[in-house]
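Heads up, the thing below is written out as structure tokens.
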Amino acid sequence: MPESIADLVAEHPLLAGLPGDVAALVAGCARNVAIGAGDLLLSEGDEADTLYMLRRGRVALEVRRPGHGALVIETLGPGQVVGWSWLFPPYSWQFDARATEPVGALSVDAACLRAKAEADPAFGYELMKRLASVILDRLQAARVRLLDLYGEGSREGDDRGPRGRETLAR
Amino acid sequence: MKTSFAEPVLQGPGPLVPHVYRVVDRRRETEDVVTLFLEPVEDPGFSFRAGQFNMLTAFGVGEVAISISSAPGVQGPIEHTVRDVGAVTHALCRAAVGTAVGVRGPFGTDWGVEELVDEDAVVVAGGIGLAPLRGAVTHLVDNMARPAAARRPGSRTHEPGRGRGARVVLLVGARSPDQVVFSEDIERWREAGAEVETTVDLADRSWAGHVGVVTTLVASQQLDPARTTALICGPEVMMRFTARSLLEKGIDPDRIRVSLERNMQCGTGLCGHCQLGPLLLCRDGPVVTFGGVVSHLLSERER
């Protein structure tokens with residue numbers, strides 16, 4: 001028997017562990033979508049009207065570079081979410097998001113979700129906490145990436161001698 | 001993990017005199033990383049365990065500690081993978097076929113992969129950190145019972161008598177796609193059944209792997225803490241963050257092994273240059289358990 005939207009919503013890590021009626025609130029705004037490889041989920045500048053909860057496949061967040069190919073700044077996979085520019089005005093996507101392989105996702109109508117969150121502050125707070133946790137994780141990951149984790153010479157040990165380190169300080 | 005530093009002391013002219021080896025082949029891995037294939041000129045060579053290192057001499061320039069990047073027990077030249085970051089490594093990276101190179105060793109502790117029978121291994125490598133892990137991954141993959149493709153997620157049933165019913169999860173992080181070393185090995189391990197994920201900090205659309213930090217790859221793995229041992233090698237910050245992600249997954253700190261390094265000079269625990277807290281890393285390392293003192297040492301603030 002195919003699972004209901006409410007089941008799929010409740011299974012997603014974003015809402016894991018929440019009471020069934022909370023999942024049902026989100027499910028009321030959600031539909032199950034399939035996105036073909038290469039298709040855009042979000043397009044920079046377009047109205048941000050959707051939260052995608054990924055179930056299958058992989059999505060690349062891209063920055064357009066006119067005259068060059070797009071730059072991929074992050075890839076996201078099953079269990080993760082795509083899109084939070086719908087949270088605040090002007091509700092406009094900041095990046096492109098492209099399916100790099102066939103993607104299965106729950107597509108949640110943002111206006112519907114915002115309305116329910118406004119109407120039910122307890123639900124709204126819980127939703128905001130879940131999203132803030134995701135955003136925090138991504139911010140931390142971005143900060144770690146700023147460290148240039150594998151950067152040139154940061155593993156001085158494959159030059160374990162002092163000379164290597166002098167060069168690093170250069 | 002055992003030390004073998006005592007072994008070379010009893011052989012030949014002593015542990016501080018390099019044996020002469022010759023570069024018989026070389027392979028450029030990335031713009032500034034070269035693998036040297038070395039064969040002994042006179043002595044019969046040595047046996048080693050995956051994760052140990054040698055002191056390599058570029059004659060007339062100096063000596064530097066470099067991990068052995070080939071697998072133990074394999075016939076033919078031994079490999080060392082060197083990044084050009086200093087005077088000695090620069091000379092080594094430029095060494096042409098036929099060049100004489102001094103070799104002392106092997107020194108230090110190893111990854112202890114032979115102990116990991118019937119256990120899952122998650123191996124996390126950052127940048128050139130894959131080099132010291134290469135022999136360990138080769139051993140783990142060669143001793144897997146069945147390819148991962150034949151198993152369903154969550155049904156890792158072990159069949160007695162069929163060897164390891166274990167998983168090998170290899171997570172590789174690099175700055176950019178052209179900085180990923182040993183791509184051919186990575187493909188071979190994948191085909192042999194290892195679960196391999198690669199991630200880079202930034203890429204264009206031609207990159208088929210992930211984009212993001214290697215710690216996020218750890219977070220997305222389904223691991224069984226009761227039977228998983230982690231091997232991590234890369235820059236210290238990367239190892240610390242990776243270890244933290246593994247701890248959040250419930251992996252015991254005593255089942256996390258990291259490869260550390262300081263200024264290795266003598267290789268025999270005598271000179272003290274490579275001291276880190278209570279450890280002399282040329283002797284007690286490079287491979288150490290993350291639990292206990294090491295986790296504190298790695299997050300200590302410099303005064």
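The way I read the labels, and the way they are meant: chains A, B, ... in the order of the structure tokens, residue 1 as the first residue of every chain, and ligand 1 as the first ligand shown, with later ones counted on from there.
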
### Task
Could you give me the residues within region 5-239 of chain B that DSSP places in alpha helix (DSSP H), as an NGL selection string?
:B and (6-9 or 87-94 or 130-142 or 183-191 or 214-219 or 236-239)

### Task
Within 6 Å of chain A, which residues of chain B are there when counting only C-alpha atoms? Please give them as a ChimeraX atom specification.
/B:64-66,85-86,126-127,202-204,210-212,235,238,263-264

File dump, residues just selected, C-alpha atoms, as a PDB file, in the first residue's frame:
```
ATOM      1  CA  VAL B  64      61.892  14.215   6.349  1.00  0.00           C
ATOM      2  CA  ALA B  65      59.298  11.765   7.665  1.00  0.00           C
ATOM      3  CA  ILE B  66      56.965  10.425   4.989  1.00  0.00           C
ATOM      4  CA  VAL B  85      55.823  22.121   0.944  1.00  0.00           C
ATOM      5  CA  GLY B  86      59.452  22.593   2.027  1.00  0.00           C
ATOM      6  CA  GLY B 126      41.336  14.633   4.030  1.00  0.00           C
ATOM      7  CA  GLY B 127      43.468  15.663   1.076  1.00  0.00           C
ATOM      8  CA  LEU B 202      33.888  23.720  -4.476  1.00  0.00           C
ATOM      9  CA  ALA B 203      33.343  22.272  -7.952  1.00  0.00           C
ATOM     10  CA  ASP B 204      31.816  22.841 -11.327  1.00  0.00           C
ATOM     11  CA  HIS B 210      29.474  15.726  -3.201  1.00  0.00           C
ATOM     12  CA  VAL B 211      30.203  19.359  -2.443  1.00  0.00           C
ATOM     13  CA  GLY B 212      30.530  20.135   1.262  1.00  0.00           C
ATOM     14  CA  PRO B 235      44.980  17.923   8.864  1.00  0.00           C
ATOM     15  CA  MET B 238      39.788  18.076   9.982  1.00  0.00           C
ATOM     16  CA  ASN B 263      58.548  17.276  14.001  1.00  0.00           C
ATOM     17  CA  MET B 264      59.859  13.720  13.594  1.00  0.00           C
TER      18      MET B 264
END
```

### Task
For region 53-56 of chain A, please output as a VMD selection string all residues within 8 Å (counting only C-alpha atoms; exclusion window: fewer than 6 positions along the same chain).
chain A and resid 12 14 77 to 82 102 to 108

### Distance of CA of Ala34 (chain A) from CA of Glu11 (chain A), expressed in Å to one decimal place
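According to the coordinates, CA of Glu11 (chain A) and CA of Ala34 (chain A) are separated by 17.5 Å.
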
### Between CA of Pro18 (chain B) and CA of Gly98 (chain B) - distance in Å to one decimal
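Interatomic distance, CA of Gly98 (chain B) to CA of Pro18 (chain B): 17.2 Å.
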